[in-house]
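The structure under discussion appears below in the form of structure tokens.
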Amino acid sequence: EAGMPGLALAAEAFRRSGDPVRTAFAEKLLWNACEAMFAMQDACGGVVTHVNELSVQEGIGLGYRGDARDSSYNCDQMAEWMRGLVYATLYYRRRGGEDAKMHRLNAACLKTGNFLFANCREDSDGVPDVIRNYNLFLDGKGGVRRKAYHQEGRRCDVYQPRILAGLAYTAVALTACGEQVPTAWWSAFDASVAWMDRKMKPNGWFDWQCGDMVEGGCHTFLGNIYAGEGFFGAALADRMAGRAEQSSAALKASHKAYRYVTDDCYIRGNRYQYPLEFWVGPYIYWLFAEWERHVGPEPAFRDWLETLDRKWSVERKWDDFMRVPSMNCGRAENNGMLTVAILGYLGIKQMDEIGRPWTLLDFNGEGRWQNLKWGKVCAKTPAS
């Protein structure tokens, strides 16, 4: 979910900068990560959440070993896996000459997407075919048992939009590569957008039933970032498929979800703005950049892009990146794939500085999807 877009954006920045050595290095890292993720996928299309590689390869320590995986899957984690791979797919599509990799990535995402689609839909509040978040378990008899996702005794929707995002961004990649999106997916996109839009409070708050306390209060921010991303992916996919009415509805919902984040988000009673931490900071940076490049200027999103950039590069003098002990904005001392997300911000910044700005859909100058434009989205959402 985090490292894959970071690596893809870094590779694209090096490629556009005319640096073949660093491009080749970033591409090697990117494909290595893709192969590691392919190994997470089971024959049914399910994707395991974690694997202890030392246990798998060397018999050291605890963890899943070969066919000892426990055949249990988390829907939102699988969808994150898909969405991460999509950034690699679109990189190879833009780069050209890597059709085999591109089609392998699409095939993997489609397989998991079909597994999700078959097992994570339900009628919700009178809306049929809504994508919801479940833990799935193979029953050993060819069937799948599912359990709705709960936190602290309540059904929790904070991660539900990620499933829509995984499916929708996969639809974007399939369409961009000239491959077929399963027809049945479109009705689930429409139903999920309608249900999620109805669920949001007037100010855009999505996972309100968890309040601003669960998991440290992060559900306010994360739930809406995920919702905005899921809506936006559906809007792009619909637009590319010529479904203008559905695309417009999804885009308006995305705007509302994102404006809650910029205008009215609180965590444990405190206003939450401009996260610098080396995951959610770059994550929101590329999401708002995607919006700006494909929809048009939005002052609230531009403010966040400029403020994050200024804080990292000017006010904090890049010290978070240098691991200066007194300047740790969060995860800055880590080496995990969440931290690799910071390459997404750096890649976008580099492409802007050389005058070759990044867009998610900009393939070899074809321009077919480069300038997807919508009319006026909507006015500022009301505060709570």
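Just remember, in the structure tokens the first chain shown is A, the second B, etc., residues are 1-based per chain, and ligands are 1-based in the order shown.
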- Determine which residues of segment 100-246 of chain A DSSP labels as strand (DSSP E) from the backbone of this structure, then write them out as a list of chain:residue names.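 Listing strand (DSSP E) positions across segment 100-246 of chain A yields A:Arg121, A:Glu122, A:Asp123, A:Ser124, A:Val127, A:Pro128, A:Asp129, A:Val130, A:Ile131, A:Tyr134, A:Asn135, A:Leu136, A:Phe137, A:Leu138, A:Val144, A:Arg145, A:Arg146, A:Lys147, A:Ala148, A:His150, A:Gln151, A:Arg154, A:Arg155.
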Polymer residues at most 12 Å from segment 8-10 of chain A, only C-alpha atoms, same-chain spacing of 5 or more positions, as a ChimeraX atom specification: /A:1-3,15-17,19,22-34,84-95,282-283,286,340-351,357-360
Based on the selection just made, write N, CA and C atoms of those residues as a short mmCIF file (atom, residue, chain, number, x, y, z; two decimals), in the first residue's frame.
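The new file again22.cif reads:
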```cif
data_model
loop_
_atom_site.label_atom_id
_atom_site.label_comp_id
_atom_site.auth_asym_id
_atom_site.auth_seq_id
_atom_site.Cartn_x
_atom_site.Cartn_y
_atom_site.Cartn_z
N GLU A 1 0.82 -1.21 0.00
CA GLU A 1 0.00 0.00 0.00
C GLU A 1 0.85 1.25 0.00
N ALA A 2 2.04 1.17 0.54
CA ALA A 2 2.86 2.37 0.75
C ALA A 2 4.16 2.31 -0.05
N GLY A 3 4.91 1.26 0.12
CA GLY A 3 6.20 1.16 -0.54
C GLY A 3 6.11 1.04 -2.04
N ARG A 15 13.64 8.13 -14.29
CA ARG A 15 13.51 7.93 -15.73
C ARG A 15 13.31 9.27 -16.44
N ARG A 16 12.42 10.10 -15.91
CA ARG A 16 12.16 11.40 -16.54
C ARG A 16 13.35 12.35 -16.40
N SER A 17 14.21 12.09 -15.42
CA SER A 17 15.39 12.94 -15.22
C SER A 17 16.55 12.51 -16.11
N ASP A 19 18.28 9.61 -15.93
CA ASP A 19 19.31 8.98 -15.10
C ASP A 19 19.15 7.46 -15.21
N ARG A 22 20.23 5.12 -11.92
CA ARG A 22 19.30 5.11 -10.80
C ARG A 22 17.94 4.55 -11.22
N THR A 23 17.55 4.78 -12.48
CA THR A 23 16.29 4.19 -12.96
C THR A 23 16.36 2.68 -12.88
N ALA A 24 17.45 2.11 -13.36
CA ALA A 24 17.61 0.65 -13.35
C ALA A 24 17.60 0.12 -11.92
N PHE A 25 18.23 0.86 -11.00
CA PHE A 25 18.26 0.42 -9.60
C PHE A 25 16.86 0.45 -9.00
N ALA A 26 16.13 1.56 -9.23
CA ALA A 26 14.76 1.65 -8.70
C ALA A 26 13.85 0.60 -9.32
N GLU A 27 14.03 0.33 -10.60
CA GLU A 27 13.22 -0.69 -11.26
C GLU A 27 13.52 -2.09 -10.70
N LYS A 28 14.77 -2.33 -10.37
CA LYS A 28 15.12 -3.62 -9.77
C LYS A 28 14.43 -3.78 -8.42
N LEU A 29 14.46 -2.72 -7.61
CA LEU A 29 13.76 -2.76 -6.32
C LEU A 29 12.26 -2.96 -6.51
N LEU A 30 11.69 -2.25 -7.50
CA LEU A 30 10.26 -2.33 -7.74
C LEU A 30 9.84 -3.74 -8.14
N TRP A 31 10.57 -4.35 -9.07
CA TRP A 31 10.16 -5.69 -9.51
C TRP A 31 10.42 -6.72 -8.43
N ASN A 32 11.49 -6.54 -7.66
CA ASN A 32 11.73 -7.43 -6.53
C ASN A 32 10.56 -7.39 -5.56
N ALA A 33 10.04 -6.19 -5.30
CA ALA A 33 8.89 -6.05 -4.42
C ALA A 33 7.66 -6.71 -5.04
N CYS A 34 7.48 -6.56 -6.35
CA CYS A 34 6.35 -7.22 -7.02
C CYS A 34 6.42 -8.73 -6.85
N GLY A 84 -1.42 -1.31 -4.37
CA GLY A 84 0.02 -1.11 -4.47
C GLY A 84 0.57 -1.61 -5.80
N LEU A 85 0.12 -2.79 -6.22
CA LEU A 85 0.60 -3.34 -7.48
C LEU A 85 0.16 -2.51 -8.68
N VAL A 86 -1.00 -1.85 -8.57
CA VAL A 86 -1.48 -1.03 -9.68
C VAL A 86 -0.48 0.07 -10.03
N TYR A 87 0.15 0.66 -9.03
CA TYR A 87 1.13 1.71 -9.32
C TYR A 87 2.30 1.15 -10.12
N ALA A 88 2.69 -0.08 -9.83
CA ALA A 88 3.73 -0.72 -10.63
C ALA A 88 3.23 -0.97 -12.05
N THR A 89 2.00 -1.46 -12.17
CA THR A 89 1.43 -1.71 -13.51
C THR A 89 1.44 -0.44 -14.35
N LEU A 90 0.97 0.66 -13.78
CA LEU A 90 0.90 1.90 -14.54
C LEU A 90 2.29 2.45 -14.85
N TYR A 91 3.26 2.17 -13.98
CA TYR A 91 4.63 2.56 -14.29
C TYR A 91 5.12 1.81 -15.53
N TYR A 92 4.94 0.49 -15.55
CA TYR A 92 5.42 -0.29 -16.70
C TYR A 92 4.65 0.07 -17.96
N ARG A 93 3.38 0.41 -17.82
CA ARG A 93 2.59 0.82 -18.99
C ARG A 93 3.14 2.13 -19.57
N ARG A 94 3.49 3.05 -18.70
CA ARG A 94 4.03 4.33 -19.16
C ARG A 94 5.43 4.16 -19.74
N ARG A 95 6.21 3.32 -19.12
CA ARG A 95 7.60 3.11 -19.54
C ARG A 95 7.67 2.47 -20.91
N PRO A 282 3.49 11.24 2.97
CA PRO A 282 3.61 11.05 1.52
C PRO A 282 2.36 10.44 0.88
N TYR A 283 1.65 9.61 1.63
CA TYR A 283 0.43 8.99 1.11
C TYR A 283 -0.58 10.06 0.72
N TRP A 286 0.62 12.16 -2.44
CA TRP A 286 0.35 11.70 -3.81
C TRP A 286 -1.15 11.63 -4.10
N VAL A 340 9.10 3.50 2.96
CA VAL A 340 9.46 3.68 1.54
C VAL A 340 8.45 4.58 0.83
N ALA A 341 7.28 4.78 1.45
CA ALA A 341 6.30 5.69 0.87
C ALA A 341 6.86 7.08 0.66
N ILE A 342 7.85 7.48 1.47
CA ILE A 342 8.38 8.84 1.36
C ILE A 342 8.96 9.10 -0.02
N LEU A 343 9.36 8.04 -0.74
CA LEU A 343 9.85 8.22 -2.10
C LEU A 343 8.77 8.78 -3.02
N GLY A 344 7.50 8.56 -2.66
CA GLY A 344 6.43 9.10 -3.47
C GLY A 344 6.44 10.62 -3.48
N TYR A 345 6.59 11.21 -2.30
CA TYR A 345 6.70 12.68 -2.21
C TYR A 345 7.93 13.17 -2.95
N LEU A 346 9.08 12.52 -2.71
CA LEU A 346 10.32 12.96 -3.33
C LEU A 346 10.25 12.83 -4.86
N GLY A 347 9.63 11.75 -5.33
CA GLY A 347 9.52 11.56 -6.78
C GLY A 347 8.66 12.63 -7.43
N ILE A 348 7.51 12.92 -6.83
CA ILE A 348 6.63 13.96 -7.37
C ILE A 348 7.33 15.31 -7.36
N LYS A 349 8.02 15.62 -6.26
CA LYS A 349 8.74 16.89 -6.15
C LYS A 349 9.82 16.99 -7.21
N GLN A 350 10.56 15.92 -7.42
CA GLN A 350 11.61 15.92 -8.44
C GLN A 350 11.04 16.16 -9.83
N MET A 351 9.94 15.48 -10.16
CA MET A 351 9.35 15.66 -11.49
C MET A 351 8.81 17.07 -11.68
N PRO A 357 5.92 17.28 -14.77
CA PRO A 357 5.07 16.88 -13.65
C PRO A 357 4.39 15.53 -13.88
N TRP A 358 4.24 14.83 -12.76
CA TRP A 358 3.67 13.48 -12.79
C TRP A 358 2.15 13.52 -12.85
N THR A 359 1.58 12.60 -13.61
CA THR A 359 0.16 12.31 -13.55
C THR A 359 0.01 10.80 -13.51
N LEU A 360 -1.01 10.33 -12.82
CA LEU A 360 -1.23 8.89 -12.73
C LEU A 360 -1.49 8.31 -14.11
#
```
Length of the atom CA of Gly143 of chain A to atom CA of Asn119 of chain A vector [Å]: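 Pair atom CA of Gly143 of chain A / atom CA of Asn119 of chain A returns 10.2 Å.
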Hey, what's within 8 Å of Met82 of chain A if we count only C-alpha atoms and toss same-chain stuff fewer than 6 positions away? As a PDB file with N, CA, C and O atoms, in the first residue's frame, please?
```pdb
ATOM      1  N   CYS A 109      -3.850  -9.042  -9.933  1.00  0.00           N
ATOM      2  CA  CYS A 109      -4.857  -8.175  -9.311  1.00  0.00           C
ATOM      3  C   CYS A 109      -6.269  -8.609  -9.677  1.00  0.00           C
ATOM      4  O   CYS A 109      -7.181  -8.567  -8.836  1.00  0.00           O
ATOM      5  N   THR A 112      -7.242 -11.739  -7.525  1.00  0.00           N
ATOM      6  CA  THR A 112      -7.627 -11.380  -6.167  1.00  0.00           C
ATOM      7  C   THR A 112      -8.894 -10.538  -6.165  1.00  0.00           C
ATOM      8  O   THR A 112      -9.752 -10.686  -5.277  1.00  0.00           O
ATOM      9  N   GLY A 113      -9.044  -9.674  -7.154  1.00  0.00           N
ATOM     10  CA  GLY A 113     -10.252  -8.867  -7.249  1.00  0.00           C
ATOM     11  C   GLY A 113     -11.503  -9.713  -7.387  1.00  0.00           C
ATOM     12  O   GLY A 113     -12.530  -9.442  -6.747  1.00  0.00           O
ATOM     13  N   GLY A 166      -9.046  -0.819  -3.989  1.00  0.00           N
ATOM     14  CA  GLY A 166      -8.303  -1.888  -4.644  1.00  0.00           C
ATOM     15  C   GLY A 166      -8.974  -2.340  -5.931  1.00  0.00           C
ATOM     16  O   GLY A 166      -8.324  -2.506  -6.974  1.00  0.00           O
ATOM     17  N   LEU A 167     -10.279  -2.536  -5.877  1.00  0.00           N
ATOM     18  CA  LEU A 167     -11.016  -2.959  -7.066  1.00  0.00           C
ATOM     19  C   LEU A 167     -11.046  -1.850  -8.118  1.00  0.00           C
ATOM     20  O   LEU A 167     -10.866  -2.102  -9.317  1.00  0.00           O
ATOM     21  N   THR A 170      -7.682  -1.228  -9.765  1.00  0.00           N
ATOM     22  CA  THR A 170      -7.435  -2.339 -10.680  1.00  0.00           C
ATOM     23  C   THR A 170      -8.209  -2.146 -11.974  1.00  0.00           C
ATOM     24  O   THR A 170      -7.696  -2.405 -13.073  1.00  0.00           O
TER      25      THR A 170
END
```
For this session: Please indicate the distance in Å from atom CA of Gly228 of chain A to atom CA of Thr262 of chain A, rounded to one decimal place.
Result: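 Atom-to-atom, atom CA of Gly228 of chain A to atom CA of Thr262 of chain A, that is 11.7 Å.
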Among segment 22-206 of chain A, which residues carry a DSSP assignment of helix (DSSP H, G or I), reported as number ranges by chain?
A: 22-38, 53-58, 66-68, 75-95, 99-119, 160-176, 183-199
May I have the residues from that selection written out with C-alpha atoms, as a compact mmCIF listing (two decimals), in the first residue's frame?
```
# COMPACT_ATOMS: atom_id res chain seq x y z
CA ARG A 22 19.30 5.11 -10.80
CA THR A 23 16.29 4.19 -12.96
CA ALA A 24 17.61 0.65 -13.35
CA PHE A 25 18.26 0.42 -9.60
CA ALA A 26 14.76 1.65 -8.70
CA GLU A 27 13.22 -0.69 -11.26
CA LYS A 28 15.12 -3.62 -9.77
CA LEU A 29 13.76 -2.76 -6.32
CA LEU A 30 10.26 -2.33 -7.74
CA TRP A 31 10.16 -5.69 -9.51
CA ASN A 32 11.73 -7.43 -6.53
CA ALA A 33 8.89 -6.05 -4.42
CA CYS A 34 6.35 -7.22 -7.02
CA GLU A 35 7.73 -10.75 -6.94
CA ALA A 36 7.61 -10.77 -3.14
CA MET A 37 3.97 -9.74 -3.34
CA PHE A 38 3.17 -12.38 -5.96
CA GLU A 53 10.41 -15.58 5.06
CA LEU A 54 13.10 -17.08 7.28
CA SER A 55 10.57 -19.66 8.42
CA VAL A 56 9.39 -20.35 4.87
CA GLN A 57 12.84 -20.59 3.32
CA GLU A 58 15.08 -21.78 6.15
CA GLY A 66 4.61 -23.49 2.61
CA ASP A 67 1.21 -25.17 2.65
CA ALA A 68 0.90 -24.42 6.37
CA CYS A 75 -10.35 -8.17 2.63
CA ASP A 76 -8.93 -4.70 3.12
CA GLN A 77 -5.34 -6.00 3.29
CA MET A 78 -5.85 -7.87 0.02
CA ALA A 79 -7.22 -4.73 -1.60
CA GLU A 80 -4.23 -2.71 -0.35
CA TRP A 81 -2.02 -5.32 -1.99
CA MET A 82 -3.88 -4.79 -5.27
CA ARG A 83 -3.71 -1.00 -5.12
CA GLY A 84 0.02 -1.11 -4.47
CA LEU A 85 0.60 -3.34 -7.48
CA VAL A 86 -1.48 -1.03 -9.68
CA TYR A 87 1.13 1.71 -9.32
CA ALA A 88 3.73 -0.72 -10.63
CA THR A 89 1.43 -1.71 -13.51
CA LEU A 90 0.90 1.90 -14.54
CA TYR A 91 4.63 2.56 -14.29
CA TYR A 92 5.42 -0.29 -16.70
CA ARG A 93 2.59 0.82 -18.99
CA ARG A 94 4.03 4.33 -19.16
CA ARG A 95 7.60 3.11 -19.54
CA ASP A 99 4.21 -5.99 -21.52
CA ALA A 100 4.89 -9.33 -19.81
CA LYS A 101 5.31 -7.67 -16.41
CA MET A 102 2.32 -5.42 -16.97
CA HIS A 103 0.02 -8.31 -17.88
CA ARG A 104 1.29 -10.47 -15.02
CA LEU A 105 0.49 -7.69 -12.58
CA ASN A 106 -2.98 -7.22 -14.04
CA ALA A 107 -3.66 -10.95 -13.93
CA ALA A 108 -2.66 -11.14 -10.26
CA CYS A 109 -4.86 -8.17 -9.31
CA LEU A 110 -7.78 -9.48 -11.32
CA LYS A 111 -7.55 -12.88 -9.64
CA THR A 112 -7.63 -11.38 -6.17
CA GLY A 113 -10.25 -8.87 -7.25
CA ASN A 114 -12.59 -11.63 -8.36
CA PHE A 115 -12.02 -13.45 -5.05
CA LEU A 116 -12.91 -10.28 -3.16
CA PHE A 117 -15.90 -9.52 -5.34
CA ALA A 118 -17.31 -13.00 -4.78
CA ASN A 119 -17.01 -12.81 -1.00
CA GLN A 160 -13.91 -0.73 4.11
CA PRO A 161 -13.11 1.98 1.48
CA ARG A 162 -9.78 0.33 0.77
CA ILE A 163 -11.61 -2.59 -0.79
CA LEU A 164 -13.39 -0.24 -3.16
CA ALA A 165 -10.02 1.42 -3.88
CA GLY A 166 -8.30 -1.89 -4.64
CA LEU A 167 -11.02 -2.96 -7.07
CA ALA A 168 -11.42 0.50 -8.63
CA TYR A 169 -7.72 1.14 -9.17
CA THR A 170 -7.44 -2.34 -10.68
CA ALA A 171 -10.23 -1.38 -13.07
CA VAL A 172 -8.22 1.75 -13.97
CA ALA A 173 -5.12 -0.35 -14.72
CA LEU A 174 -7.05 -2.95 -16.72
CA THR A 175 -8.69 -0.26 -18.84
CA ALA A 176 -5.42 1.60 -19.36
CA THR A 183 -18.94 -6.34 -16.04
CA ALA A 184 -20.40 -7.18 -12.64
CA TRP A 185 -17.89 -4.93 -10.86
CA TRP A 186 -19.55 -1.74 -12.10
CA SER A 187 -22.81 -2.25 -10.20
CA ALA A 188 -20.84 -2.93 -7.01
CA PHE A 189 -18.88 0.30 -7.55
CA ASP A 190 -22.13 2.23 -7.94
CA ALA A 191 -23.75 0.63 -4.90
CA SER A 192 -20.70 1.13 -2.72
CA VAL A 193 -20.30 4.77 -3.70
CA ALA A 194 -23.99 5.41 -3.01
CA TRP A 195 -23.93 3.68 0.38
CA MET A 196 -20.66 5.30 1.49
CA ASP A 197 -21.83 8.73 0.36
CA ARG A 198 -25.07 8.32 2.29
CA LYS A 199 -23.13 7.17 5.37
```
Contacts of Ile225 of chain A at 9 Å or less, counting only C-alpha atoms, minus same-chain residues fewer than 6 places along, as a short mmCIF file (atom, residue, chain, number, x, y, z; two decimals) with C-alpha atoms, in the first residue's frame?
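Saved as part-v6.cif:
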```cif
data_model
loop_
_atom_site.label_atom_id
_atom_site.label_comp_id
_atom_site.auth_asym_id
_atom_site.auth_seq_id
_atom_site.Cartn_x
_atom_site.Cartn_y
_atom_site.Cartn_z
CA PRO A 161 -13.11 1.98 1.48
CA ALA A 257 -14.42 12.97 2.09
CA TYR A 258 -11.13 14.75 1.46
CA VAL A 261 -9.66 15.78 6.28
CA ILE A 284 -1.79 12.06 1.31
CA LEU A 287 -3.43 11.43 -3.34
#
```
For Phe278 of chain A, the closest of A:Val314, A:Ala237, A:Ala227, A:Ala332 counting only C-alpha atoms is A:Ala332
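Counting only C-alpha atoms, segment 215-221 of chain A has the following residues at most 8 Å away, ignoring those fewer than 3 positions along the same chain: Val158, Trp205, Phe206, Asp207, Trp208, Cys210, Gly211, Asp212, Asn224, Ile225, Val261, Cys265, Tyr266, Ile267, Arg268 and Tyr272 of chain A.
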Next on the checklist: Using only C-alpha atoms, which protein or nucleic acid residues come within 10 Å of Ala250 of chain A? Drop anything in the same chain fewer than 2 positions from it, and give the result as a list in words.
Outcome noted: Phe189, Asp190, Ser192, Val193, Ala194, Met196, Asp197, Gly228, Gly230, Phe231, Phe232, Gly233, Ala234, Ala235, Leu236, Asp238, Arg239, Ala244, Glu245, Gln246, Ser247, Ser248, Lys252, Ala253, Ser254, His255 and Lys256 of chain A
Residue subset to file, keeping N, CA, C and O atoms, as a short mmCIF file (atom, residue, chain, number, x, y, z; two decimals), in the first residue's frame:
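Once everything was written out, this is result16.cif:
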```
data_model
loop_
_atom_site.label_atom_id
_atom_site.label_comp_id
_atom_site.auth_asym_id
_atom_site.auth_seq_id
_atom_site.Cartn_x
_atom_site.Cartn_y
_atom_site.Cartn_z
N PHE A 189 -19.45 -1.04 -7.71
CA PHE A 189 -18.88 0.30 -7.55
C PHE A 189 -19.99 1.31 -7.27
O PHE A 189 -19.91 2.12 -6.34
N ASP A 190 -21.03 1.26 -8.09
CA ASP A 190 -22.13 2.23 -7.94
C ASP A 190 -22.80 2.09 -6.58
O ASP A 190 -23.08 3.10 -5.91
N SER A 192 -21.60 0.78 -3.81
CA SER A 192 -20.70 1.13 -2.72
C SER A 192 -20.54 2.63 -2.60
O SER A 192 -20.52 3.19 -1.49
N VAL A 193 -20.40 3.31 -3.73
CA VAL A 193 -20.30 4.77 -3.70
C VAL A 193 -21.56 5.37 -3.10
O VAL A 193 -21.50 6.28 -2.25
N ALA A 194 -22.72 4.87 -3.52
CA ALA A 194 -23.99 5.41 -3.01
C ALA A 194 -24.13 5.19 -1.51
O ALA A 194 -24.51 6.11 -0.76
N MET A 196 -21.68 4.56 0.76
CA MET A 196 -20.66 5.30 1.49
C MET A 196 -20.98 6.79 1.53
O MET A 196 -20.79 7.45 2.55
N ASP A 197 -21.47 7.32 0.41
CA ASP A 197 -21.83 8.73 0.36
C ASP A 197 -22.96 9.03 1.33
O ASP A 197 -22.94 10.04 2.05
N GLY A 228 -11.89 8.87 0.52
CA GLY A 228 -11.60 9.74 -0.62
C GLY A 228 -10.88 9.01 -1.73
O GLY A 228 -11.18 9.20 -2.92
N GLY A 230 -10.96 5.68 -2.32
CA GLY A 230 -11.86 4.73 -2.95
C GLY A 230 -12.81 5.41 -3.91
O GLY A 230 -13.03 4.94 -5.04
N PHE A 231 -13.41 6.51 -3.48
CA PHE A 231 -14.29 7.28 -4.37
C PHE A 231 -13.54 7.75 -5.62
O PHE A 231 -14.06 7.69 -6.73
N PHE A 232 -12.30 8.26 -5.42
CA PHE A 232 -11.55 8.81 -6.54
C PHE A 232 -11.19 7.71 -7.54
O PHE A 232 -11.27 7.92 -8.76
N GLY A 233 -10.80 6.53 -7.03
CA GLY A 233 -10.51 5.42 -7.94
C GLY A 233 -11.73 5.04 -8.75
O GLY A 233 -11.63 4.79 -9.97
N ALA A 234 -12.90 5.01 -8.10
CA ALA A 234 -14.14 4.70 -8.83
C ALA A 234 -14.44 5.77 -9.86
O ALA A 234 -14.88 5.48 -10.98
N ALA A 235 -14.19 7.04 -9.50
CA ALA A 235 -14.44 8.14 -10.44
C ALA A 235 -13.56 8.01 -11.68
O ALA A 235 -14.01 8.21 -12.81
N LEU A 236 -12.28 7.69 -11.48
CA LEU A 236 -11.37 7.50 -12.60
C LEU A 236 -11.81 6.33 -13.48
O LEU A 236 -11.85 6.44 -14.71
N ASP A 238 -14.75 4.91 -13.74
CA ASP A 238 -15.99 5.25 -14.43
C ASP A 238 -15.73 6.19 -15.60
O ASP A 238 -16.31 6.04 -16.69
N ARG A 239 -14.90 7.18 -15.38
CA ARG A 239 -14.61 8.16 -16.43
C ARG A 239 -13.97 7.49 -17.65
O ARG A 239 -14.34 7.78 -18.79
N ALA A 244 -20.14 8.72 -17.35
CA ALA A 244 -19.97 10.09 -16.87
C ALA A 244 -20.78 10.39 -15.62
O ALA A 244 -20.29 11.03 -14.68
N GLU A 245 -22.04 9.95 -15.57
CA GLU A 245 -22.89 10.25 -14.42
C GLU A 245 -22.35 9.60 -13.16
O GLU A 245 -22.26 10.24 -12.10
N GLN A 246 -21.97 8.33 -13.26
CA GLN A 246 -21.44 7.63 -12.10
C GLN A 246 -20.09 8.22 -11.67
O GLN A 246 -19.78 8.34 -10.48
N SER A 247 -19.29 8.63 -12.66
CA SER A 247 -18.00 9.23 -12.36
C SER A 247 -18.16 10.53 -11.59
O SER A 247 -17.46 10.80 -10.61
N SER A 248 -19.10 11.35 -12.02
CA SER A 248 -19.34 12.63 -11.35
C SER A 248 -19.79 12.42 -9.92
O SER A 248 -19.34 13.13 -9.00
N LYS A 252 -17.65 13.76 -6.60
CA LYS A 252 -18.20 14.66 -5.59
C LYS A 252 -18.08 14.05 -4.20
O LYS A 252 -17.77 14.76 -3.22
N ALA A 253 -18.30 12.74 -4.10
CA ALA A 253 -18.15 12.07 -2.81
C ALA A 253 -16.70 12.10 -2.35
O ALA A 253 -16.40 12.29 -1.16
N SER A 254 -15.76 11.93 -3.29
CA SER A 254 -14.34 11.99 -2.96
C SER A 254 -13.97 13.37 -2.44
O SER A 254 -13.25 13.51 -1.44
N HIS A 255 -14.47 14.39 -3.08
CA HIS A 255 -14.20 15.76 -2.65
C HIS A 255 -14.70 15.98 -1.22
O HIS A 255 -14.01 16.57 -0.38
N LYS A 256 -15.90 15.53 -0.94
CA LYS A 256 -16.47 15.70 0.39
C LYS A 256 -15.65 14.97 1.44
O LYS A 256 -15.38 15.51 2.53
#
```
